[in-house]
$ cat start-v6.txt   # compact mmCIF, C-alpha atoms
# COMPACT_ATOMS: atom_id res chain seq x y z
CA MET A 1 5.16 14.68 -30.10
CA SER A 2 4.32 12.17 -27.40
CA ASP A 3 4.68 13.01 -23.73
CA PRO A 4 7.11 10.61 -21.97
CA LEU A 5 5.15 11.08 -18.75
CA HIS A 6 1.87 10.01 -20.36
CA THR A 7 2.48 6.29 -19.95
CA ILE A 8 0.32 3.20 -20.36
CA LEU A 9 -0.41 3.44 -16.62
CA VAL A 10 -2.11 6.80 -17.23
CA GLU A 11 -3.97 5.41 -20.22
CA ARG A 12 -5.26 2.28 -18.55
CA LEU A 13 -6.03 3.63 -15.07
CA GLY A 14 -7.52 6.89 -16.28
CA CYS A 15 -5.43 9.09 -14.00
CA LYS A 16 -3.52 12.19 -15.09
CA VAL A 17 0.00 11.33 -13.91
CA PRO A 18 1.95 8.05 -13.61
CA VAL A 19 1.87 8.05 -9.82
CA ILE A 20 -0.03 5.68 -7.53
CA GLN A 21 -0.99 6.34 -3.91
CA THR A 22 -0.68 2.95 -2.26
CA ALA A 23 -3.21 1.27 0.02
CA MET A 24 -1.78 1.66 3.51
CA GLY A 25 -3.98 0.26 6.26
CA TRP A 26 -5.62 2.98 8.40
CA VAL A 27 -3.99 5.62 6.18
CA ALA A 28 -5.49 5.10 2.71
CA GLU A 29 -8.85 6.38 3.93
CA PRO A 30 -11.37 8.33 1.82
CA SER A 31 -9.79 11.73 2.57
CA LEU A 32 -6.44 10.64 1.14
CA VAL A 33 -7.88 8.70 -1.81
CA ILE A 34 -10.08 11.64 -2.80
CA ALA A 35 -7.24 14.15 -2.52
CA SER A 36 -4.67 12.05 -4.37
CA SER A 37 -7.12 11.17 -7.13
CA ASN A 38 -8.28 14.76 -7.56
CA ALA A 39 -4.61 15.80 -7.71
CA GLY A 40 -4.14 13.55 -10.74
CA ALA A 41 -2.59 10.46 -9.15
CA PHE A 42 -4.35 7.09 -8.82
CA GLY A 43 -5.52 6.46 -5.27
CA PHE A 44 -6.15 3.09 -3.62
CA LEU A 45 -8.61 2.69 -0.75
CA GLY A 46 -7.14 0.46 1.99
CA ALA A 47 -10.04 -1.95 2.51
CA ALA A 48 -7.83 -4.77 3.79
CA VAL A 49 -8.40 -3.52 7.36
CA MET A 50 -12.12 -2.78 6.89
CA THR A 51 -15.24 -4.79 7.54
CA PRO A 52 -17.62 -5.07 4.57
CA ASP A 53 -19.94 -2.49 6.17
CA GLU A 54 -17.06 -0.07 6.65
CA ALA A 55 -15.88 -0.65 3.09
CA ARG A 56 -19.36 0.06 1.73
CA VAL A 57 -19.58 3.39 3.55
CA LYS A 58 -16.08 4.45 2.59
CA LEU A 59 -16.45 3.43 -1.05
CA LEU A 60 -19.50 5.67 -1.23
CA GLU A 61 -17.60 8.48 0.48
CA VAL A 62 -14.81 8.30 -2.10
CA ARG A 63 -17.32 8.27 -4.95
CA ARG A 64 -19.01 11.35 -3.53
CA GLY A 65 -15.66 13.14 -3.17
CA THR A 66 -14.23 12.54 -6.62
CA ASP A 67 -15.37 11.68 -10.11
CA ARG A 68 -11.92 10.26 -10.87
CA PRO A 69 -11.32 6.49 -11.11
CA PHE A 70 -9.70 4.86 -8.07
CA GLY A 71 -8.70 1.45 -6.76
CA VAL A 72 -9.42 -0.82 -3.80
CA ASN A 73 -6.97 -3.00 -1.90
CA PHE A 74 -8.05 -6.16 -0.06
CA HIS A 75 -6.80 -9.57 1.11
CA SER A 76 -8.67 -12.67 0.01
CA PHE A 77 -8.16 -14.20 3.49
CA GLN A 78 -9.59 -11.27 5.50
CA PRO A 79 -12.95 -11.75 7.24
CA GLY A 80 -15.76 -10.83 4.84
CA ALA A 81 -13.49 -10.86 1.79
CA ASP A 82 -16.23 -12.31 -0.43
CA LYS A 83 -18.54 -9.41 0.44
CA ILE A 84 -15.81 -6.87 -0.25
CA VAL A 85 -15.25 -8.45 -3.65
CA GLU A 86 -18.99 -8.05 -4.30
CA LEU A 87 -18.76 -4.39 -3.32
CA ILE A 88 -15.88 -3.83 -5.69
CA LEU A 89 -17.80 -5.43 -8.55
CA GLU A 90 -20.90 -3.38 -7.70
CA ASN A 91 -18.82 -0.21 -8.04
CA ARG A 92 -17.06 -1.23 -11.23
CA GLU A 93 -18.03 1.96 -13.07
CA GLN A 94 -15.54 3.93 -10.93
CA VAL A 95 -13.33 1.30 -9.29
CA ARG A 96 -10.76 0.83 -12.05
CA ALA A 97 -8.33 -1.50 -10.27
CA VAL A 98 -7.74 -3.81 -7.32
CA SER A 99 -4.46 -4.39 -5.52
CA PHE A 100 -3.44 -7.24 -3.25
CA GLY A 101 -0.51 -9.30 -2.06
CA ARG A 102 -0.98 -13.04 -1.87
CA GLY A 103 -4.48 -14.42 -2.15
CA PRO A 104 -6.68 -14.18 -5.25
CA ASN A 105 -6.68 -17.18 -7.56
CA ALA A 106 -7.10 -17.23 -11.33
CA LYS A 107 -10.89 -17.49 -11.04
CA MET A 108 -11.19 -14.35 -8.91
CA ILE A 109 -8.75 -12.48 -11.10
CA GLY A 110 -10.81 -13.52 -14.10
CA ALA A 111 -14.00 -12.19 -12.48
CA PHE A 112 -12.38 -8.80 -11.97
CA LYS A 113 -11.08 -8.72 -15.52
CA ASP A 114 -14.50 -9.66 -16.90
CA ALA A 115 -15.86 -6.63 -15.03
CA GLY A 116 -13.23 -4.37 -16.57
CA ILE A 117 -11.30 -4.03 -13.31
CA LEU A 118 -7.52 -4.21 -13.58
CA CYS A 119 -5.60 -6.51 -11.20
CA ILE A 120 -2.37 -4.95 -9.91
CA PRO A 121 -0.72 -7.06 -7.19
CA THR A 122 2.25 -5.83 -5.18
CA VAL A 123 5.19 -8.23 -5.29
CA GLY A 124 8.53 -8.24 -3.53
CA ALA A 125 10.26 -11.08 -5.35
CA LEU A 126 10.81 -12.14 -8.95
CA LYS A 127 9.08 -15.49 -8.49
CA HIS A 128 5.97 -13.80 -7.10
CA ALA A 129 5.81 -11.46 -10.08
CA GLN A 130 6.04 -14.42 -12.45
CA LYS A 131 3.34 -16.32 -10.55
CA MET A 132 0.96 -13.37 -10.63
CA VAL A 133 1.44 -12.95 -14.36
CA GLU A 134 0.71 -16.66 -14.86
CA LEU A 135 -2.58 -16.12 -12.99
CA GLY A 136 -3.54 -13.39 -15.44
CA VAL A 137 -2.94 -10.04 -13.70
CA ASP A 138 -2.77 -6.87 -15.79
CA MET A 139 0.22 -5.12 -14.18
CA VAL A 140 2.57 -5.75 -11.28
CA ASN A 141 3.77 -3.28 -8.68
CA VAL A 142 7.34 -4.22 -7.79
CA GLN A 143 8.30 -3.17 -4.26
CA GLY A 144 11.99 -3.26 -3.57
CA GLY A 145 13.54 -3.76 -0.17
CA GLU A 146 13.42 -0.03 0.60
CA GLY A 147 9.65 -0.24 0.97
CA GLY A 148 7.77 0.13 4.24
CA GLY A 149 5.96 -2.49 6.27
CA HIS A 150 6.60 -6.05 5.14
CA THR A 151 9.65 -5.91 2.93
CA GLY A 152 12.15 -8.07 1.11
CA SER A 153 15.91 -7.92 0.94
CA VAL A 154 16.40 -7.09 -2.75
CA PRO A 155 16.81 -3.35 -3.46
CA THR A 156 14.52 -1.71 -5.99
CA THR A 157 17.46 -1.01 -8.31
CA VAL A 158 18.08 -4.75 -8.59
CA LEU A 159 14.56 -6.20 -8.33
CA LEU A 160 12.96 -3.79 -10.81
CA PRO A 161 15.15 -4.72 -13.82
CA GLN A 162 14.91 -8.40 -12.85
CA VAL A 163 11.13 -8.29 -13.11
CA LEU A 164 11.12 -6.08 -16.21
CA ASP A 165 13.30 -8.64 -17.98
CA ALA A 166 11.09 -11.56 -16.93
CA VAL A 167 7.47 -10.47 -17.50
CA GLN A 168 5.49 -9.05 -20.41
CA VAL A 169 2.99 -6.91 -18.48
CA PRO A 170 3.46 -3.25 -17.46
CA VAL A 171 5.55 -2.86 -14.30
CA ILE A 172 5.17 -0.18 -11.64
CA ALA A 173 8.10 0.68 -9.36
CA SER A 174 7.82 1.20 -5.61
CA GLY A 175 10.14 1.24 -2.64
CA GLY A 176 12.20 4.40 -2.17
CA PHE A 177 10.28 6.88 -4.33
CA ALA A 178 9.21 10.35 -3.22
CA ASP A 179 9.84 12.86 -6.00
CA GLY A 180 10.20 13.62 -9.70
CA ARG A 181 13.78 12.40 -9.85
CA GLY A 182 12.62 8.98 -8.75
CA LEU A 183 9.82 8.98 -11.31
CA VAL A 184 12.22 9.69 -14.18
CA ALA A 185 14.64 7.04 -12.88
CA ALA A 186 11.85 4.45 -12.76
CA LEU A 187 10.76 5.30 -16.29
CA ALA A 188 14.38 5.01 -17.46
CA TYR A 189 14.45 1.44 -16.12
CA GLY A 190 11.33 0.67 -18.15
CA ALA A 191 8.62 1.01 -15.50
CA VAL A 192 5.35 2.73 -16.43
CA GLY A 193 5.11 4.75 -13.21
CA ILE A 194 5.81 4.79 -9.50
CA ALA A 195 3.79 3.91 -6.40
CA MET A 196 4.36 5.76 -3.13
CA GLY A 197 3.13 5.06 0.38
CA THR A 198 5.19 6.97 2.93
CA ARG A 199 5.29 10.11 0.79
CA PHE A 200 1.46 10.20 0.60
CA LEU A 201 1.19 9.35 4.29
CA LEU A 202 2.97 12.63 4.99
CA THR A 203 0.48 14.91 3.23
CA GLN A 204 -2.08 17.30 4.62
CA GLU A 205 -5.02 15.10 3.62
CA SER A 206 -3.59 11.97 5.21
CA PRO A 207 -5.75 11.05 8.23
CA VAL A 208 -2.70 10.18 10.35
CA PRO A 209 -2.73 12.25 13.58
CA ASP A 210 -0.28 15.13 13.87
CA SER A 211 1.57 13.38 16.71
CA ALA A 212 2.38 10.43 14.46
CA LYS A 213 3.26 12.67 11.51
CA ALA A 214 5.68 14.55 13.77
CA ALA A 215 7.37 11.27 14.72
CA TYR A 216 7.71 10.35 11.06
CA LEU A 217 9.21 13.74 10.20
CA ALA A 218 11.68 13.47 13.07
CA ALA A 219 12.93 10.04 11.99
CA SER A 220 16.29 9.91 10.25
CA THR A 221 17.29 7.05 7.98
CA ASP A 222 19.25 5.70 10.96
CA GLY A 223 16.03 5.79 12.98
CA ILE A 224 14.23 3.43 10.63
CA VAL A 225 14.73 -0.26 11.37
CA VAL A 226 13.77 -3.67 10.03
CA THR A 227 12.36 -6.08 12.60
CA THR A 228 11.14 -9.67 12.58
CA LYS A 229 9.74 -9.51 16.11
CA LEU A 230 6.25 -8.30 15.18
CA ASP A 231 5.12 -11.37 13.24
CA GLY A 232 8.29 -13.22 12.28
CA ILE A 233 8.53 -11.56 8.86
CA PRO A 234 10.86 -8.61 8.14
CA GLN A 235 9.05 -5.28 8.49
CA ARG A 236 10.42 -1.76 8.25
CA MET A 237 9.31 0.55 11.05
CA VAL A 238 10.15 3.88 12.66
CA ARG A 239 12.33 3.18 15.68
CA THR A 240 10.52 4.06 18.92
CA ARG A 241 10.80 3.05 22.58
CA LEU A 242 8.10 0.43 21.94
CA MET A 243 10.05 -0.98 19.00
CA ASP A 244 13.18 -1.16 21.17
CA ARG A 245 11.23 -3.15 23.79
CA ILE A 246 9.79 -5.43 21.13
CA GLU A 247 13.25 -6.09 19.72
CA LYS A 248 14.38 -7.29 23.13
CA SER A 249 11.31 -9.47 23.76
CA GLY A 250 11.20 -13.25 23.51
CA PRO A 251 8.70 -15.68 21.94
CA LEU A 252 6.32 -15.60 24.92
CA ALA A 253 5.99 -11.83 24.73
CA MET A 254 5.23 -12.11 21.00
CA TRP A 255 2.42 -14.57 21.73
CA LEU A 256 1.01 -12.34 24.46
CA ARG A 257 0.98 -9.35 22.09
CA ALA A 258 -0.85 -11.43 19.48
CA LEU A 259 -3.50 -12.57 21.97
CA GLU A 260 -3.99 -9.05 23.35
CA ALA A 261 -4.36 -7.60 19.86
CA GLY A 262 -6.67 -10.47 18.93
CA ARG A 263 -9.00 -9.56 21.79
CA ALA A 264 -8.99 -5.93 20.68
CA MET A 265 -9.75 -6.98 17.11
CA LYS A 266 -12.67 -9.12 18.28
CA ARG A 267 -14.14 -6.20 20.22
CA GLN A 268 -13.80 -3.83 17.28
CA THR A 269 -14.97 -6.06 14.43
CA GLY A 270 -17.37 -8.39 16.22
CA ALA A 271 -15.51 -11.35 14.74
CA SER A 272 -15.38 -14.59 16.70
CA TRP A 273 -12.22 -16.39 17.71
CA GLY A 274 -13.13 -18.83 14.96
CA ASP A 275 -13.10 -16.01 12.40
CA PHE A 276 -9.76 -14.84 13.72
CA ILE A 277 -8.20 -18.30 13.53
CA ALA A 278 -9.69 -18.82 10.05
CA SER A 279 -8.09 -15.57 8.89
CA ALA A 280 -4.75 -16.62 10.34
CA ARG A 281 -4.98 -20.06 8.77
CA GLY A 282 -5.75 -18.39 5.45
CA MET A 283 -2.37 -16.69 5.70
CA THR A 284 -0.66 -20.01 6.45
CA ALA A 285 -2.28 -21.61 3.42
CA HIS A 286 -1.24 -18.87 1.00
CA GLY A 287 2.19 -18.11 2.33
CA ALA A 288 3.38 -21.26 4.06
CA MET A 289 3.45 -19.20 7.25
CA PRO A 290 3.53 -20.99 10.62
CA LEU A 291 0.33 -20.49 12.63
CA LYS A 292 2.07 -18.48 15.37
CA GLN A 293 3.37 -15.99 12.83
CA ALA A 294 0.01 -15.91 11.06
CA MET A 295 -1.80 -15.12 14.29
CA MET A 296 0.56 -12.25 14.97
CA ALA A 297 0.19 -11.03 11.38
CA ALA A 298 -3.58 -11.12 11.72
CA THR A 299 -3.37 -8.81 14.74
CA MET A 300 -0.79 -6.41 13.31
CA PRO A 301 -3.49 -3.92 12.20
CA MET A 302 -4.35 -3.28 15.83
CA LEU A 303 -0.80 -2.17 16.66
CA ILE A 304 -0.71 0.00 13.55
CA GLN A 305 -4.11 1.45 14.42
CA LYS A 306 -2.82 2.65 17.78
CA ALA A 307 -0.41 5.03 16.07
CA MET A 308 -2.15 5.70 12.75
CA VAL A 309 -5.66 6.30 14.12
CA GLU A 310 -5.28 7.12 17.80
CA GLY A 311 -1.94 8.92 17.54
CA ASP A 312 -0.59 6.76 20.37
CA ILE A 313 3.01 6.34 19.28
CA GLU A 314 3.97 4.95 22.69
CA ASN A 315 1.82 1.84 22.23
CA GLY A 316 1.59 1.60 18.44
CA VAL A 317 3.94 0.92 15.54
CA MET A 318 4.64 3.04 12.48
CA ALA A 319 5.45 1.35 9.21
CA THR A 320 7.61 3.38 6.87
CA GLY A 321 9.75 3.15 3.80
CA VAL A 322 13.38 4.06 4.30
CA VAL A 323 12.68 7.11 2.15
CA GLY A 324 10.81 8.49 5.14
CA GLY A 325 14.18 9.40 6.60
CA ARG A 326 14.54 12.27 4.16
CA ILE A 327 10.98 13.64 4.14
CA ARG A 328 10.69 16.88 6.08
CA GLU A 329 7.55 18.55 4.70
CA VAL A 330 3.81 17.84 4.70
CA PRO A 331 2.37 19.29 1.48
CA SER A 332 -1.14 18.90 0.16
CA CYS A 333 -1.62 16.07 -2.31
CA GLN A 334 -1.99 18.62 -5.09
CA GLN A 335 1.25 20.35 -4.13
CA LEU A 336 3.01 16.97 -3.96
CA VAL A 337 1.82 15.78 -7.36
CA ASP A 338 2.54 19.15 -8.99
CA SER A 339 6.07 19.20 -7.57
CA ILE A 340 6.75 15.63 -8.72
CA MET A 341 5.66 16.41 -12.27
CA ALA A 342 7.55 19.73 -12.40
CA GLU A 343 10.75 18.10 -11.17
CA ALA A 344 10.33 15.17 -13.55
CA ARG A 345 10.07 17.54 -16.50
CA GLU A 346 13.13 19.44 -15.27
CA ARG A 347 15.14 16.22 -15.12
CA LEU A 348 13.97 15.14 -18.57
CA ALA A 349 14.98 18.52 -19.96
CA ALA A 350 18.38 18.28 -18.29
CA LEU A 351 18.84 14.90 -19.98
CA GLY A 352 17.89 16.37 -23.32
CA VAL A 353 14.69 14.37 -23.61
CA PRO A 354 12.12 16.23 -25.71
CA ALA A 355 8.72 16.42 -24.08
CA ALA A 356 5.37 17.47 -25.38
CA GLU A 357 3.05 19.65 -23.37
CA PRO A 358 1.35 17.73 -20.55
CA ILE A 359 -1.74 15.85 -21.62
CA THR A 360 -4.77 16.69 -19.50
CA ALA A 361 -7.45 14.12 -18.81

$ encode --input "start-v6.txt" --output "structure tokens"
Amino acid sequence: MSDPLHTILVERLGCKVPVIQTAMGWVAEPSLVIASSNAGAFGFLGAAVMTPDEARVKLLEVRRGTDRPFGVNFHSFQPGADKIVELILENREQVRAVSFGRGPNAKMIGAFKDAGILCIPTVGALKHAQKMVELGVDMVNVQGGEGGGHTGSVPTTVLLPQVLDAVQVPVIASGGFADGRGLVAALAYGAVGIAMGTRFLLTQESPVPDSAKAAYLAASTDGIVVTTKLDGIPQRMVRTRLMDRIEKSGPLAMWLRALEAGRAMKRQTGASWGDFIASARGMTAHGAMPLKQAMMAATMPMLIQKAMVEGDIENGVMATGVVGGRIREVPSCQQLVDSIMAEARERLAALGVPAAEPITA
């Protein structure tokens, strides 16, 4: 008898359970990737906010911490993207997949596929899913409007079946998932698994400082807001005093924040203003984004870093899925994965779905 939880996602990614830990900037660090992968999920390293040198060190750290396959997330328009692609290809024996939003073209996707690396973009709209499939990706991760950070307006329960009906590649569901009930619901729609960000952020192995974790745990669903004031694109964040001030700010204040964060980014990465502008223009080219918005988007990592790395929730921002409003515990990754799978099997049994014994990898 086949196990309904042993999906094609498990088969192709080489993980034990159909659950992905997403690549959150400053959060999807080696400690979290190692723990989630060792727990049986598939972890993604968040290299989109790393320099090539940082990515090299952290890739090696993950490989030393787990013998499980894992993935790497990057943006093709980030400074040093070509070197990060080289690093991924150099580590192809354990890097099983890459994730990204907009960026890679068919040639780059083909290079990954030739190396045996699966391409799994995250999409928030039907047309983007269709475009990615045309370019040759292997799977798509569909993030509904409940997701954290940059988000769309279409709920997962509407977007997921739209994409499932329109594409012929395996589809992963994200945006609003945190437990075994959600996993079974996603599988019932036809997805091959779920991807979770906020739920993995609130685990013991997440590198997020305790002060930020406490703010996340204290947030109710009413305390989670969508704003366009950070870079002109809707983003879901925990409501804080800083977010309230940002919501009241005008265009000049947005520019000043971008320039201040740009200076901080230059100091940290060693990039020139030319590199910074080139990165911003890369965003405009791929997403038809005005330069002002692109410049603010290029500096967003610095505001996130304040909270996610330094624990400074007064001067940083905290991206979250709306599901964060009901999370009240910080388990280990192993405890989280085990509870998801136990609850999923309970729900399947309640529905009368026969299940074989779990398949171990």

$ closest_residue --input "start-v6.txt" --among "A:Val322, A:Leu303, A:Val192, A:Val167" --to "Thr221 (chain A)" --atoms "all atoms listed in the file"
A:Val322

$ atom_distance --input "start-v6.txt" --atom1 "CA of Ala28 (chain A)" --atom2 "CA of Phe44 (chain A)"
6.7 Å

$ atom_distance --input "start-v6.txt" --atom1 "CA of Ala35 (chain A)" --atom2 "CA of Glu54 (chain A)"
19.6 Å

$ closest_atom_pairs --input "start-v6.txt" --of "region 163-261 of chain A" --to "region 6-24 of chain A" --cutoff "10 Å" --atoms "all atoms listed in the file" --output "Markdown table"
| residue | atom | partner | partner_atom | distance |
| --- | --- | --- | --- | --- |
| A:Pro170 | CA | A:Ile8 | CA | 7.7 |
| A:Val171 | CA | A:Leu9 | CA | 9.0 |
| A:Ile172 | CA | A:Leu9 | CA | 8.3 |
| A:Ala173 | CA | A:Val19 | CA | 9.7 |
| A:Ser174 | CA | A:Ile20 | CA | 9.2 |
| A:Leu183 | CA | A:Val19 | CA | 8.1 |
| A:Leu187 | CA | A:Thr7 | CA | 9.1 |
| A:Ala191 | CA | A:Thr7 | CA | 9.2 |
| A:Val192 | CA | A:Thr7 | CA | 5.8 |
| A:Gly193 | CA | A:Pro18 | CA | 4.6 |
| A:Ile194 | CA | A:Val19 | CA | 5.1 |
| A:Ala195 | CA | A:Ile20 | CA | 4.4 |
| A:Met196 | CA | A:Gln21 | CA | 5.4 |
| A:Gly197 | CA | A:Thr22 | CA | 5.1 |
| A:Thr198 | CA | A:Met24 | CA | 8.8 |
| A:Arg199 | CA | A:Gln21 | CA | 8.7 |
| A:Phe200 | CA | A:Gln21 | CA | 6.4 |
| A:Leu201 | CA | A:Met24 | CA | 8.3 |

$ closest_residue --input "start-v6.txt" --among "A:Arg347, A:His75, A:Arg92, A:Arg326" --to "Leu217 (chain A)" --atoms "all atoms listed in the file"
A:Arg326

$ atom_distance --input "start-v6.txt" --atom1 "CA of Asn38 (chain A)" --atom2 "CA of Gly182 (chain A)"
21.7 Å
